[in-house]
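Text of the file structure06.cif, holding mmCIF, C-alpha atoms:
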data_final
loop_
_atom_site.label_atom_id
_atom_site.label_comp_id
_atom_site.auth_asym_id
_atom_site.auth_seq_id
_atom_site.Cartn_x
_atom_site.Cartn_y
_atom_site.Cartn_z
CA MET H 1 0.00 0.00 0.00
CA ASN H 2 1.52 3.37 -1.03
CA GLN H 3 1.37 6.63 0.95
CA HIS H 4 -1.57 7.91 -1.12
CA ASP H 5 -3.65 4.81 -0.33
CA LEU H 6 -2.72 5.10 3.34
CA ASP H 7 -3.73 8.77 3.42
CA LEU H 8 -7.07 8.02 1.71
CA ASP H 9 -7.81 5.13 4.08
CA GLN H 10 -7.01 7.33 7.08
CA TYR H 11 -9.20 10.14 5.73
CA MET H 12 -12.18 7.85 5.00
CA ASP H 13 -11.77 6.13 8.37
CA ARG H 14 -11.95 9.53 10.10
CA VAL H 15 -15.05 10.52 8.11
CA GLY H 16 -16.68 7.20 9.00
CA ARG H 17 -15.89 7.47 12.72
CA GLN H 18 -17.22 11.03 12.83
CA ALA H 19 -20.41 10.01 11.02
CA ARG H 20 -21.03 7.09 13.40
CA ALA H 21 -20.59 9.34 16.46
CA ALA H 22 -22.83 12.04 14.93
CA SER H 23 -25.52 9.47 14.06
CA ARG H 24 -26.00 8.73 17.78
CA ALA H 25 -26.52 12.43 18.54
CA MET H 26 -28.94 12.76 15.59
CA ALA H 27 -30.98 9.75 16.74
CA ARG H 28 -31.80 11.54 20.01
CA ALA H 29 -32.19 15.05 18.50
CA SER H 30 -35.53 16.74 19.07
CA THR H 31 -37.88 17.60 16.20
CA ALA H 32 -37.54 21.28 17.12
CA ASP H 33 -33.73 21.20 16.83
CA LYS H 34 -33.84 19.34 13.50
CA ASN H 35 -36.37 21.82 12.08
CA ARG H 36 -34.32 24.76 13.37
CA ALA H 37 -31.27 23.39 11.55
CA LEU H 38 -33.23 22.98 8.30
CA LEU H 39 -34.65 26.51 8.39
CA THR H 40 -31.23 27.98 9.28
CA ILE H 41 -29.67 26.19 6.29
CA ALA H 42 -32.45 27.53 4.04
CA ALA H 43 -31.77 31.10 5.24
CA ALA H 44 -28.00 30.64 4.76
CA ILE H 45 -28.49 29.41 1.18
CA ARG H 46 -30.61 32.45 0.33
CA ARG H 47 -28.10 34.77 2.04
CA GLU H 48 -25.13 33.27 0.17
CA ALA H 49 -26.85 32.92 -3.23
CA GLY H 50 -24.40 35.26 -4.95
CA ARG H 51 -21.33 33.46 -3.58
CA LEU H 52 -22.79 30.04 -4.41
CA LYS H 53 -23.35 31.09 -8.03
CA ALA H 54 -19.77 32.41 -8.26
CA VAL H 55 -18.35 29.14 -6.90
CA ASN H 56 -20.64 27.10 -9.15
CA ALA H 57 -19.52 29.11 -12.20
CA ARG H 58 -15.99 27.73 -11.70
CA ASP H 59 -17.31 24.15 -11.67
CA VAL H 60 -19.39 24.87 -14.79
CA GLU H 61 -16.42 26.43 -16.60
CA ARG H 62 -14.26 23.39 -15.78
CA ALA H 63 -17.01 21.01 -17.01
CA ARG H 64 -17.27 22.88 -20.32
CA ALA H 65 -13.48 22.84 -20.70
CA ASN H 66 -13.57 19.06 -20.17
CA GLY H 67 -16.04 18.71 -23.06
CA GLN H 68 -19.19 17.85 -21.08
CA ASP H 69 -22.42 18.12 -23.10
CA ALA H 70 -25.16 20.74 -22.66
CA ALA H 71 -27.45 18.45 -20.64
CA PHE H 72 -24.64 17.69 -18.18
CA VAL H 73 -23.79 21.38 -17.79
CA ASP H 74 -27.48 22.18 -17.28
CA ARG H 75 -27.73 19.68 -14.39
CA LEU H 76 -24.57 21.14 -12.85
CA THR H 77 -25.61 24.81 -13.04
CA LEU H 78 -27.04 26.58 -9.97
CA SER H 79 -29.50 29.14 -11.32
CA ASP H 80 -31.45 31.60 -9.14
CA LYS H 81 -34.44 29.27 -9.51
CA ALA H 82 -32.40 26.22 -8.46
CA ILE H 83 -31.14 28.03 -5.35
CA ASP H 84 -34.66 29.15 -4.44
CA THR H 85 -35.97 25.60 -4.99
CA MET H 86 -33.30 24.19 -2.64
CA ALA H 87 -34.23 26.68 0.09
CA GLU H 88 -37.94 26.03 -0.40
CA GLY H 89 -37.33 22.27 -0.26
CA LEU H 90 -35.65 22.65 3.14
CA ALA H 91 -38.66 24.57 4.46
CA GLN H 92 -41.02 21.88 3.11
CA ILE H 93 -39.04 19.08 4.81
CA ALA H 94 -39.08 21.08 8.08
CA ALA H 95 -42.89 21.19 7.79
CA LEU H 96 -43.21 17.39 7.40
CA ALA H 97 -44.14 15.22 10.37
CA ASP H 98 -41.11 13.74 12.13
CA PRO H 99 -41.32 9.93 11.85
CA ILE H 100 -38.72 9.24 14.56
CA GLY H 101 -40.02 7.87 17.87
CA GLU H 102 -43.50 7.16 16.52
CA ILE H 103 -44.92 4.01 18.15
CA SER H 104 -47.48 1.96 16.21
CA ASN H 105 -49.21 -1.43 16.15
CA MET H 106 -49.55 -1.63 19.94
CA LYS H 107 -51.20 -4.87 21.04
CA TYR H 108 -51.86 -6.52 24.41
CA ARG H 109 -50.61 -10.11 24.63
CA PRO H 110 -52.35 -12.74 26.80
CA THR H 111 -49.40 -12.50 29.23
CA GLY H 112 -50.24 -8.85 29.98
CA ILE H 113 -47.35 -7.23 28.11
CA GLN H 114 -47.97 -4.66 25.39
CA VAL H 115 -45.95 -5.08 22.17
CA GLY H 116 -45.52 -2.39 19.51
CA GLN H 117 -43.02 -0.96 17.04
CA MET H 118 -41.03 2.28 17.23
CA ARG H 119 -39.69 4.07 14.17
CA VAL H 120 -35.93 4.71 14.41
CA PRO H 121 -33.19 6.08 12.10
CA LEU H 122 -31.08 3.75 9.96
CA GLY H 123 -27.86 5.33 11.28
CA VAL H 124 -25.26 6.41 8.70
CA ILE H 125 -26.33 6.76 5.06
CA GLY H 126 -23.75 7.08 2.28
CA ILE H 127 -25.04 8.85 -0.82
CA ILE H 128 -23.16 8.72 -4.13
CA TYR H 129 -24.37 10.98 -6.90
CA GLU H 130 -23.30 12.76 -10.09
CA SER H 131 -23.38 16.36 -11.30
CA ARG H 132 -26.51 17.70 -9.55
CA PRO H 133 -25.42 19.91 -6.61
CA ASN H 134 -29.03 20.25 -5.41
CA VAL H 135 -28.80 16.59 -4.31
CA THR H 136 -26.27 17.72 -1.68
CA VAL H 137 -28.93 19.79 0.05
CA ASP H 138 -31.93 17.51 -0.63
CA ALA H 139 -30.12 14.42 0.67
CA ALA H 140 -28.69 16.25 3.68
CA ALA H 141 -32.16 17.57 4.59
CA LEU H 142 -33.92 14.21 4.34
CA CYS H 143 -31.20 12.44 6.34
CA LEU H 144 -31.18 15.21 8.95
CA LYS H 145 -34.97 15.20 9.44
CA SER H 146 -35.03 11.39 9.72
CA GLY H 147 -32.36 11.46 12.45
CA ASN H 148 -29.53 9.99 10.37
CA ALA H 149 -25.97 11.07 9.71
CA THR H 150 -24.88 11.11 6.07
CA ILE H 151 -21.68 10.93 4.04
CA LEU H 152 -22.11 12.57 0.64
CA ARG H 153 -19.88 11.74 -2.34
CA GLY H 154 -20.80 14.04 -5.23
CA GLY H 155 -19.22 14.01 -8.66
CA SER H 156 -15.76 15.56 -9.08
CA GLU H 157 -17.27 18.07 -11.52
CA ALA H 158 -19.25 19.74 -8.68
CA ILE H 159 -16.62 19.57 -5.93
CA GLU H 160 -16.42 23.34 -5.25
CA THR H 161 -20.21 23.82 -5.24
CA ASN H 162 -20.79 20.79 -3.03
CA THR H 163 -18.12 21.88 -0.55
CA ALA H 164 -19.63 25.39 -0.33
CA LEU H 165 -23.12 23.95 0.25
CA ALA H 166 -21.76 21.54 2.87
CA ALA H 167 -20.29 24.49 4.80
CA LEU H 168 -23.75 26.11 4.96
CA VAL H 169 -25.30 22.83 6.11
CA ALA H 170 -22.65 22.57 8.87
CA GLU H 171 -23.45 26.16 9.91
CA GLY H 172 -27.14 25.29 10.28
CA LEU H 173 -26.37 22.15 12.30
CA ARG H 174 -24.08 24.02 14.70
CA GLU H 175 -26.63 26.83 15.10
CA ALA H 176 -29.21 24.23 16.23
CA GLY H 177 -26.77 22.59 18.66
CA LEU H 178 -26.36 19.48 16.48
CA PRO H 179 -23.01 17.96 15.37
CA ALA H 180 -21.67 19.49 12.14
CA GLU H 181 -20.29 16.01 11.27
CA ALA H 182 -23.86 14.76 10.81
CA VAL H 183 -23.49 15.81 7.16
CA GLN H 184 -20.04 15.36 5.58
CA VAL H 185 -19.09 15.85 1.94
CA ILE H 186 -16.12 13.78 0.77
CA GLU H 187 -13.58 16.45 -0.15
CA THR H 188 -11.36 14.32 -2.39
CA THR H 189 -12.15 13.70 -6.07
CA ASP H 190 -10.22 10.41 -5.93
CA ARG H 191 -12.48 7.67 -7.33
CA ALA H 192 -10.99 5.24 -4.79
CA ALA H 193 -12.99 7.08 -2.11
CA VAL H 194 -16.18 5.56 -3.56
CA GLY H 195 -14.68 2.06 -3.35
CA ARG H 196 -13.83 2.65 0.30
CA LEU H 197 -17.21 4.18 1.19
CA ILE H 198 -19.22 1.25 -0.19
CA THR H 199 -17.21 -1.30 1.84
CA MET H 200 -17.11 0.53 5.22
CA THR H 201 -19.58 -1.80 6.92
CA GLU H 202 -18.24 -0.80 10.33
CA TYR H 203 -19.43 2.80 9.83
CA VAL H 204 -22.04 2.92 7.04
CA ASP H 205 -25.47 1.27 7.33
CA VAL H 206 -26.84 1.83 3.83
CA ILE H 207 -25.72 3.31 0.48
CA VAL H 208 -28.05 5.30 -1.80
CA PRO H 209 -26.66 5.75 -5.33
CA ARG H 210 -28.09 8.60 -7.44
CA GLY H 211 -26.57 8.30 -10.88
CA GLY H 212 -26.40 6.59 -14.23
CA LYS H 213 -26.62 2.90 -14.99
CA SER H 214 -22.84 2.41 -15.17
CA LEU H 215 -22.32 3.85 -11.67
CA ILE H 216 -25.05 1.68 -10.13
CA ALA H 217 -23.87 -1.45 -11.98
CA ARG H 218 -20.37 -0.88 -10.56
CA LEU H 219 -21.70 -0.42 -7.03
CA MET H 220 -23.84 -3.57 -7.29
CA GLN H 221 -20.66 -5.52 -8.07
CA GLU H 222 -18.38 -3.96 -5.47
CA ALA H 223 -20.53 -2.80 -2.51
CA ARG H 224 -20.53 -4.68 0.79
CA VAL H 225 -22.86 -2.14 2.43
CA PRO H 226 -26.58 -2.72 1.62
CA MET H 227 -28.04 -0.39 -1.04
CA ILE H 228 -31.36 1.33 -1.75
CA LYS H 229 -31.36 1.64 -5.54
CA HIS H 230 -32.87 0.97 -8.92
CA LEU H 231 -30.89 0.11 -12.03
CA ASP H 232 -33.45 0.63 -14.82
CA GLY H 233 -36.80 2.33 -15.31
CA ILE H 234 -38.39 0.22 -18.03
CA CYS H 235 -41.96 1.45 -17.46
CA HIS H 236 -45.06 0.26 -19.33
CA VAL H 237 -48.58 1.49 -19.98
CA TYR H 238 -51.09 -1.18 -21.02
CA VAL H 239 -54.21 0.05 -22.86
CA ASP H 240 -56.98 -2.48 -22.24
CA ASP H 241 -59.96 -3.34 -24.50
CA ASP H 242 -62.21 -1.51 -22.02
CA ALA H 243 -60.13 1.69 -21.89
CA ASP H 244 -61.69 5.12 -22.25
CA LEU H 245 -60.14 6.37 -25.51
CA ASP H 246 -59.64 9.98 -24.40
CA LYS H 247 -58.02 8.90 -21.12
CA ALA H 248 -55.77 6.46 -22.97
CA VAL H 249 -54.47 9.09 -25.42
CA ARG H 250 -53.95 11.69 -22.68
CA ILE H 251 -52.17 9.28 -20.29
CA CYS H 252 -49.96 7.62 -22.91
CA ASP H 253 -48.94 10.99 -24.39
CA ASN H 254 -48.00 12.37 -20.95
CA ALA H 255 -46.25 9.18 -19.79
CA LYS H 256 -43.85 9.37 -22.75
CA THR H 257 -43.48 13.01 -23.81
CA GLN H 258 -43.85 15.16 -20.67
CA ARG H 259 -40.11 14.57 -20.10
CA TYR H 260 -37.94 11.96 -21.79
CA SER H 261 -35.07 11.55 -19.30
CA PRO H 262 -36.71 10.58 -15.94
CA CYS H 263 -36.75 6.96 -14.80
CA ASN H 264 -40.58 6.99 -14.54
CA THR H 265 -41.13 7.81 -18.24
CA MET H 266 -42.92 5.09 -20.27
CA GLU H 267 -40.54 3.15 -22.52
CA THR H 268 -42.93 0.45 -23.84
CA LEU H 269 -46.59 0.89 -24.79
CA LEU H 270 -48.74 -2.27 -24.77
CA VAL H 271 -52.09 -2.11 -26.57
CA SER H 272 -54.79 -4.79 -26.58
CA ALA H 273 -55.58 -6.03 -30.10
CA GLY H 274 -59.27 -5.28 -29.56
CA ILE H 275 -58.71 -1.51 -29.25
CA ALA H 276 -55.50 -1.10 -31.30
CA SER H 277 -57.16 0.28 -34.46
CA ARG H 278 -58.95 2.98 -32.42
CA VAL H 279 -56.19 4.09 -30.02
CA LEU H 280 -52.97 3.70 -31.99
CA PRO H 281 -53.64 6.15 -34.89
CA PRO H 282 -54.54 9.23 -32.77
CA LEU H 283 -51.80 8.47 -30.27
CA CYS H 284 -49.07 7.83 -32.83
CA THR H 285 -50.05 11.01 -34.68
CA ILE H 286 -49.13 12.91 -31.50
CA TYR H 287 -45.90 10.96 -31.07
CA GLN H 288 -44.76 11.61 -34.63
CA GLN H 289 -45.66 15.30 -34.36
CA LYS H 290 -43.40 15.45 -31.29
CA GLY H 291 -40.54 13.64 -33.04
CA VAL H 292 -40.79 10.33 -31.17
CA GLU H 293 -39.27 7.34 -33.01
CA LEU H 294 -41.70 4.40 -32.98
CA ARG H 295 -40.28 0.86 -32.75
CA VAL H 296 -43.16 -1.50 -33.44
CA CYS H 297 -44.10 -5.18 -33.51
CA PRO H 298 -45.54 -6.63 -36.78
CA ALA H 299 -49.18 -6.35 -35.60
CA THR H 300 -48.68 -2.71 -34.60
CA ARG H 301 -47.03 -1.98 -37.96
CA ALA H 302 -49.99 -3.51 -39.80
CA THR H 303 -52.48 -1.38 -37.82
CA LEU H 304 -50.54 1.85 -38.35
CA GLU H 305 -49.73 1.27 -42.04
CA ALA H 306 -53.43 0.59 -42.70
CA ALA H 307 -54.05 4.05 -41.22
CA GLY H 308 -51.44 5.61 -43.56
CA PHE H 309 -48.44 5.85 -41.19
CA THR H 310 -44.86 5.70 -42.47
CA GLY H 311 -41.42 6.02 -40.87
CA LEU H 312 -41.90 3.10 -38.47
CA VAL H 313 -38.96 1.02 -37.19
CA ASP H 314 -39.22 -2.74 -36.60
CA ALA H 315 -38.79 -3.54 -32.90
CA THR H 316 -36.19 -6.18 -32.05
CA GLU H 317 -36.37 -8.51 -29.03
CA GLU H 318 -33.79 -6.25 -27.37
CA ASP H 319 -36.13 -3.22 -27.60
CA TRP H 320 -38.54 -4.70 -25.04
CA GLY H 321 -35.83 -4.47 -22.38
CA LEU H 322 -34.37 -1.04 -23.17
CA GLU H 323 -34.59 2.15 -21.12
CA TYR H 324 -34.30 4.78 -23.87
CA LEU H 325 -34.43 8.01 -21.79
CA ALA H 326 -35.00 9.63 -25.20
CA PRO H 327 -37.81 10.31 -27.73
CA VAL H 328 -37.97 6.61 -28.67
CA LEU H 329 -40.92 4.33 -27.85
CA ALA H 330 -41.40 0.57 -28.26
CA ILE H 331 -45.01 -0.44 -29.06
CA ARG H 332 -46.42 -3.97 -28.92
CA THR H 333 -49.94 -5.17 -29.66
CA VAL H 334 -50.92 -7.91 -27.19
CA SER H 335 -53.85 -10.33 -27.12
CA GLY H 336 -55.17 -9.03 -23.81
CA LEU H 337 -54.52 -8.63 -20.09
CA ASP H 338 -52.77 -11.98 -19.55
CA ASP H 339 -50.36 -11.30 -22.41
CA ALA H 340 -49.66 -7.78 -21.09
CA ILE H 341 -48.91 -9.00 -17.55
CA VAL H 342 -46.54 -11.70 -18.83
CA HIS H 343 -44.75 -9.14 -21.01
CA ILE H 344 -44.33 -6.67 -18.12
CA ASN H 345 -43.14 -9.26 -15.61
CA THR H 346 -40.73 -10.69 -18.22
CA HIS H 347 -39.23 -7.51 -19.68
CA GLY H 348 -39.89 -4.81 -17.08
CA SER H 349 -37.58 -3.55 -14.34
CA ALA H 350 -40.19 -3.60 -11.52
CA HIS H 351 -40.23 0.21 -11.41
CA THR H 352 -43.62 1.62 -12.53
CA ASP H 353 -46.38 0.17 -14.71
CA ALA H 354 -49.91 1.39 -15.50
CA ILE H 355 -53.17 0.05 -16.95
CA VAL H 356 -55.80 2.18 -18.71
CA THR H 357 -59.20 0.50 -18.32
CA GLU H 358 -62.76 1.03 -17.11
CA ASN H 359 -63.00 -2.67 -16.19
CA TYR H 360 -62.71 -2.95 -12.39
CA SER H 361 -61.85 -6.65 -12.20
CA ARG H 362 -59.07 -6.32 -14.83
CA ALA H 363 -57.69 -3.26 -13.05
CA MET H 364 -57.54 -5.14 -9.76
CA ARG H 365 -55.88 -8.15 -11.40
CA PHE H 366 -53.26 -5.79 -12.86
CA LEU H 367 -52.61 -4.32 -9.38
CA ARG H 368 -52.21 -7.76 -7.83
CA GLU H 369 -50.22 -9.51 -10.54
CA VAL H 370 -47.81 -6.87 -11.90
CA ASP H 371 -44.73 -7.21 -9.70
CA SER H 372 -43.51 -3.60 -9.65
CA ALA H 373 -42.74 -0.97 -7.01
CA SER H 374 -45.52 1.32 -8.31
CA VAL H 375 -48.61 -0.02 -10.13
CA MET H 376 -51.22 2.44 -11.41
CA ILE H 377 -54.77 2.49 -12.76
CA ASN H 378 -55.73 5.26 -15.24
CA ALA H 379 -52.78 7.54 -14.41
CA SER H 380 -49.48 8.50 -16.02
CA THR H 381 -46.33 6.69 -14.87
CA ARG H 382 -44.78 10.16 -14.41
CA PHE H 383 -46.57 10.33 -11.03
CA ALA H 384 -44.09 7.80 -9.54
CA ASP H 385 -42.27 10.44 -7.53
CA GLY H 386 -41.84 11.22 -3.83
CA PHE H 387 -43.27 14.72 -4.09
CA GLU H 388 -46.31 13.54 -6.08
CA TYR H 389 -46.91 10.73 -3.56
CA GLY H 390 -47.02 13.24 -0.70
CA LEU H 391 -43.66 12.22 0.78
CA GLY H 392 -42.47 15.84 0.59
CA ALA H 393 -39.30 14.83 -1.22
CA GLU H 394 -37.44 11.67 -2.15
CA ILE H 395 -33.88 10.49 -1.86
CA GLY H 396 -34.36 8.12 -4.78
CA ILE H 397 -36.54 5.28 -6.06
CA SER H 398 -36.08 1.64 -5.13
CA ASN H 399 -37.28 -1.34 -7.14
CA ASP H 400 -35.81 -3.78 -4.63
CA LYS H 401 -38.18 -5.69 -2.36
CA LEU H 402 -36.38 -5.51 0.97
CA HIS H 403 -36.74 -2.46 3.21
CA ALA H 404 -37.84 0.46 0.97
CA ARG H 405 -39.75 0.05 -2.31
CA GLY H 406 -40.82 2.80 -4.73
CA PRO H 407 -40.05 6.48 -3.99
CA VAL H 408 -37.96 6.71 -0.81
CA GLY H 409 -38.85 9.61 1.48
CA LEU H 410 -38.38 10.18 5.21
CA GLU H 411 -40.00 6.91 6.26
CA GLY H 412 -37.79 4.98 3.83
CA LEU H 413 -34.73 6.28 5.71
CA THR H 414 -35.96 4.69 8.94
CA SER H 415 -36.43 1.24 10.38
CA LEU H 416 -38.63 -0.28 13.09
CA LYS H 417 -37.69 -1.83 16.40
CA TYR H 418 -40.00 -3.73 18.70
CA VAL H 419 -40.86 -2.11 22.03
CA VAL H 420 -42.46 -3.91 24.97
CA PHE H 421 -44.36 -2.31 27.87
CA GLY H 422 -44.64 -4.53 30.95
CA HIS H 423 -46.04 -4.33 34.45
CA GLY H 424 -43.75 -6.84 36.18
CA GLU H 425 -44.68 -9.82 33.98
CA VAL H 426 -42.28 -12.80 33.82
CA ARG H 427 -42.31 -15.66 31.34
CA THR H 428 -43.45 -19.04 32.63
#
How does the structure come out when it is put into structure tokens?
Amino acid sequence: MNQHDLDLDQYMDRVGRQARAASRAMARASTADKNRALLTIAAAIRREAGRLKAVNARDVERARANGQDAAFVDRLTLSDKAIDTMAEGLAQIAALADPIGEISNMKYRPTGIQVGQMRVPLGVIGIIYESRPNVTVDAAALCLKSGNATILRGGSEAIETNTALAALVAEGLREAGLPAEAVQVIETTDRAAVGRLITMTEYVDVIVPRGGKSLIARLMQEARVPMIKHLDGICHVYVDDDADLDKAVRICDNAKTQRYSPCNTMETLLVSAGIASRVLPPLCTIYQQKGVELRVCPATRATLEAAGFTGLVDATEEDWGLEYLAPVLAIRTVSGLDDAIVHINTHGSAHTDAIVTENYSRAMRFLREVDSASVMINASTRFADGFEYGLGAEIGISNDKLHARGPVGLEGLTSLKYVVFGHGEVRT
């Protein structure tokens, strides 16, 4: 091991020890102190808006010089609106109910004891993310409110912005009498720091990755700390025989074209053969007007060509499992509900899937049998979001089955422990 590796190990070990110690203080922090910290951070961000933009400009200039594309630079840039949104988000999280300490499911046992469950923090949460500096504040706020300590590893391209934001978070924590080490930003851009963070089982309880598929695939291979994550968002809308035509067109248009890049955007449209000739032409007219490339099965091609459509691309088997994140849509005509469910459970990523139907029994079968984190009836997949679900904010979306599933808000950053109330009972 060379001196550099030794220095990095020592640095990460110190960060981990500080986070573990801070997590114990955060677990016993009062709601009032946590809210005071959040509102102080919000005020500090507004006060330092000019300085934050100046610091961020240096990160943006470096990203441009390194040849990053316009979309990347846009995610990196702190505009006045982005700064205001961060501050407003802190105030919203302060206004949310504090889940910590809540006792539920209390039951008397025949022995006389009362058994229930108390909501508690997870402990230390490591968050690894790319380019978006607003994640620094959003993640810090959610972890703070849920009584956790957090170690944040942002992308090297945002190092100056993230460090400046972390200093304001530390100021808010100190002002509220809470440990500044409850939120730490990794200050080295060395990629080896990520490898160390995801294996520090002695200090870190869970990792939340916020980034592209390559980052998450790497973490899935190398991490020893449990993760809350999703790899793909291959989302479907199935239009049933008994769908309302206007609803179907409106929902399927929104699910694909409202924004192309989010993980809850529809990537495959499934249409029942019985309604295909009525729903596909008006819907595909909208798609083609908006520049969406249509990759279609033979039955879909036949329906659309009979209606005068051109410019269609033949879908390959690979298309059914692709997350495009772009104006590209795969369309398959299916024989009915059974066929649609098999397709989704075979090719989907267990993220978000929707049915459009007026048939109650089919809708309920879809809810029960589609094995995804979010399953919807007569609504756009774009609603699969912590804010839209009333969670206030989200730290990410999970399509795993253990612990958190779907959008992960405050409650997803907590666990439950059993609590027992006795009156002198002993076991016989």
Starting from the displayed file, determine the output of the PyMOL selection byres ((chain H and resi 319-325) around 12) and express the residue list as a compact mmCIF listing (two decimals) with C-alpha atoms, keeping the file's coordinate frame.
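Below is the file that was written, selection-v7.txt:
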# COMPACT_ATOMS: atom_id res chain seq x y z
CA GLY H 212 -26.40 6.59 -14.23
CA LYS H 213 -26.62 2.90 -14.99
CA LEU H 231 -30.89 0.11 -12.03
CA ASP H 232 -33.45 0.63 -14.82
CA GLY H 233 -36.80 2.33 -15.31
CA ILE H 234 -38.39 0.22 -18.03
CA CYS H 235 -41.96 1.45 -17.46
CA HIS H 236 -45.06 0.26 -19.33
CA LYS H 256 -43.85 9.37 -22.75
CA THR H 257 -43.48 13.01 -23.81
CA GLN H 258 -43.85 15.16 -20.67
CA ARG H 259 -40.11 14.57 -20.10
CA TYR H 260 -37.94 11.96 -21.79
CA SER H 261 -35.07 11.55 -19.30
CA PRO H 262 -36.71 10.58 -15.94
CA CYS H 263 -36.75 6.96 -14.80
CA ASN H 264 -40.58 6.99 -14.54
CA THR H 265 -41.13 7.81 -18.24
CA MET H 266 -42.92 5.09 -20.27
CA GLU H 267 -40.54 3.15 -22.52
CA THR H 268 -42.93 0.45 -23.84
CA LEU H 269 -46.59 0.89 -24.79
CA LEU H 270 -48.74 -2.27 -24.77
CA VAL H 292 -40.79 10.33 -31.17
CA GLU H 293 -39.27 7.34 -33.01
CA LEU H 294 -41.70 4.40 -32.98
CA ARG H 295 -40.28 0.86 -32.75
CA VAL H 296 -43.16 -1.50 -33.44
CA CYS H 297 -44.10 -5.18 -33.51
CA VAL H 313 -38.96 1.02 -37.19
CA ASP H 314 -39.22 -2.74 -36.60
CA ALA H 315 -38.79 -3.54 -32.90
CA THR H 316 -36.19 -6.18 -32.05
CA GLU H 317 -36.37 -8.51 -29.03
CA GLU H 318 -33.79 -6.25 -27.37
CA ALA H 326 -35.00 9.63 -25.20
CA PRO H 327 -37.81 10.31 -27.73
CA VAL H 328 -37.97 6.61 -28.67
CA LEU H 329 -40.92 4.33 -27.85
CA ALA H 330 -41.40 0.57 -28.26
CA ILE H 331 -45.01 -0.44 -29.06
CA ARG H 332 -46.42 -3.97 -28.92
CA HIS H 343 -44.75 -9.14 -21.01
CA ILE H 344 -44.33 -6.67 -18.12
CA ASN H 345 -43.14 -9.26 -15.61
CA THR H 346 -40.73 -10.69 -18.22
CA HIS H 347 -39.23 -7.51 -19.68
CA GLY H 348 -39.89 -4.81 -17.08
CA SER H 349 -37.58 -3.55 -14.34
CA ALA H 350 -40.19 -3.60 -11.52
CA HIS H 351 -40.23 0.21 -11.41
Given the file shown, determine the residues that the PyMOL selection byres ((chain H and resi 173-185) around 7) selects; report them as a list in words. Gln18, Ala19, Ala22, Ser23, Asp33, Arg36, Ala37, Ala140, Ala149, Thr150, Ile151, Leu152, Arg153, Thr163, Ala166, Val169, Ala170, Glu171, Gly172, Ile186 and Glu187 of chain H
Once the PyMOL selection byres ((chain H and resi 111) around 12) has been applied to the shown file, what residues remain in the selection, as an MDAnalysis selection string? chainID H and resid 107:110 112:115 420:428
Between atom CA of H:Ala340 and atom CA of H:Ile377 lies a distance of 14.2 Å
Work out how far apart atom CA of H:Lys34 and atom CA of H:Gly147 are and give it in Å to one decimal. 8.1 Å
Of the listed residues H:Phe309, H:Lys417, H:Ile159, H:Ser146, that which approaches H:Gln289 most closely, counting all atoms listed in the file: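 Using all atoms listed in the file, H:Gln289 sits closest to H:Phe309.
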From H:Leu416, H:Leu144, H:Met26, H:Val342, residue lying nearest H:Glu102 [all atoms listed in the file]: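 So, comparing all the options, the nearest one is H:Leu416.
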Once you count all atoms listed in the file, which residues end up no further than 10 Å from (-31.7, 8.1, 9.4) in the file's frame, shown as a PyMOL selection string? chain H and resi 23+26-27+100+120-125+142-150+205-206+410-415
When you count all atoms listed in the file, which of these residues is closest to H:Arg119: H:Val419, H:Ala63, H:Leu219, H:Leu312? H:Val419
Distance in Å - atom CA of H:Thr352 versus atom CA of H:Tyr287: 20.9 Å
If we count all atoms listed in the file and set the cut-off at 8 Å, which residues sit around stretch 394-407 of chain H, ignoring sequence neighbours fewer than 4 positions away in its own chain? Please answer as a PyMOL selection string. chain H and resi 138-139+142+208+210+228-230+349-351+372-374+384-387+412
For H:Ile93, list every protein, DNA or RNA residue within 8 Å, evaluated using only C-alpha atoms, and leave out those in the same chain fewer than 2 positions away; present the list as a list in words. Leu38, Gly89, Leu90, Ala91, Ala95, Leu96, Ala141, Leu142, Lys145, Gly392 and Ala393 of chain H
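With all atoms listed in the file as the atoms that count, the minimum distance from H:Glu61 to the choices H:Met200, H:Ala158, H:Thr40, H:Ala223 is reached by H:Ala158.
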How about completing stretch 147-151 of chain H with N, CA, C and O atoms and giving it to me as an mmCIF file, in the frame of the given file?
data_model
loop_
_atom_site.group_PDB
_atom_site.id
_atom_site.type_symbol
_atom_site.label_atom_id
_atom_site.label_comp_id
_atom_site.auth_asym_id
_atom_site.auth_seq_id
_atom_site.Cartn_x
_atom_site.Cartn_y
_atom_site.Cartn_z
ATOM 1 N N GLY H 147 -33.228 11.810 11.328
ATOM 2 C CA GLY H 147 -32.360 11.460 12.450
ATOM 3 C C GLY H 147 -31.126 10.675 12.090
ATOM 4 O O GLY H 147 -30.521 10.015 12.946
ATOM 5 N N ASN H 148 -30.717 10.710 10.831
ATOM 6 C CA ASN H 148 -29.530 9.990 10.370
ATOM 7 C C ASN H 148 -28.353 10.923 10.194
ATOM 8 O O ASN H 148 -28.522 12.136 10.029
ATOM 9 N N ALA H 149 -27.154 10.364 10.200
ATOM 10 C CA ALA H 149 -25.970 11.070 9.710
ATOM 11 C C ALA H 149 -25.752 10.631 8.263
ATOM 12 O O ALA H 149 -26.173 9.538 7.866
ATOM 13 N N THR H 150 -25.103 11.479 7.468
ATOM 14 C CA THR H 150 -24.880 11.110 6.070
ATOM 15 C C THR H 150 -23.486 11.500 5.605
ATOM 16 O O THR H 150 -22.917 12.499 6.050
ATOM 17 N N ILE H 151 -22.948 10.659 4.727
ATOM 18 C CA ILE H 151 -21.680 10.930 4.040
ATOM 19 C C ILE H 151 -22.017 11.086 2.569
ATOM 20 O O ILE H 151 -22.562 10.160 1.946
#
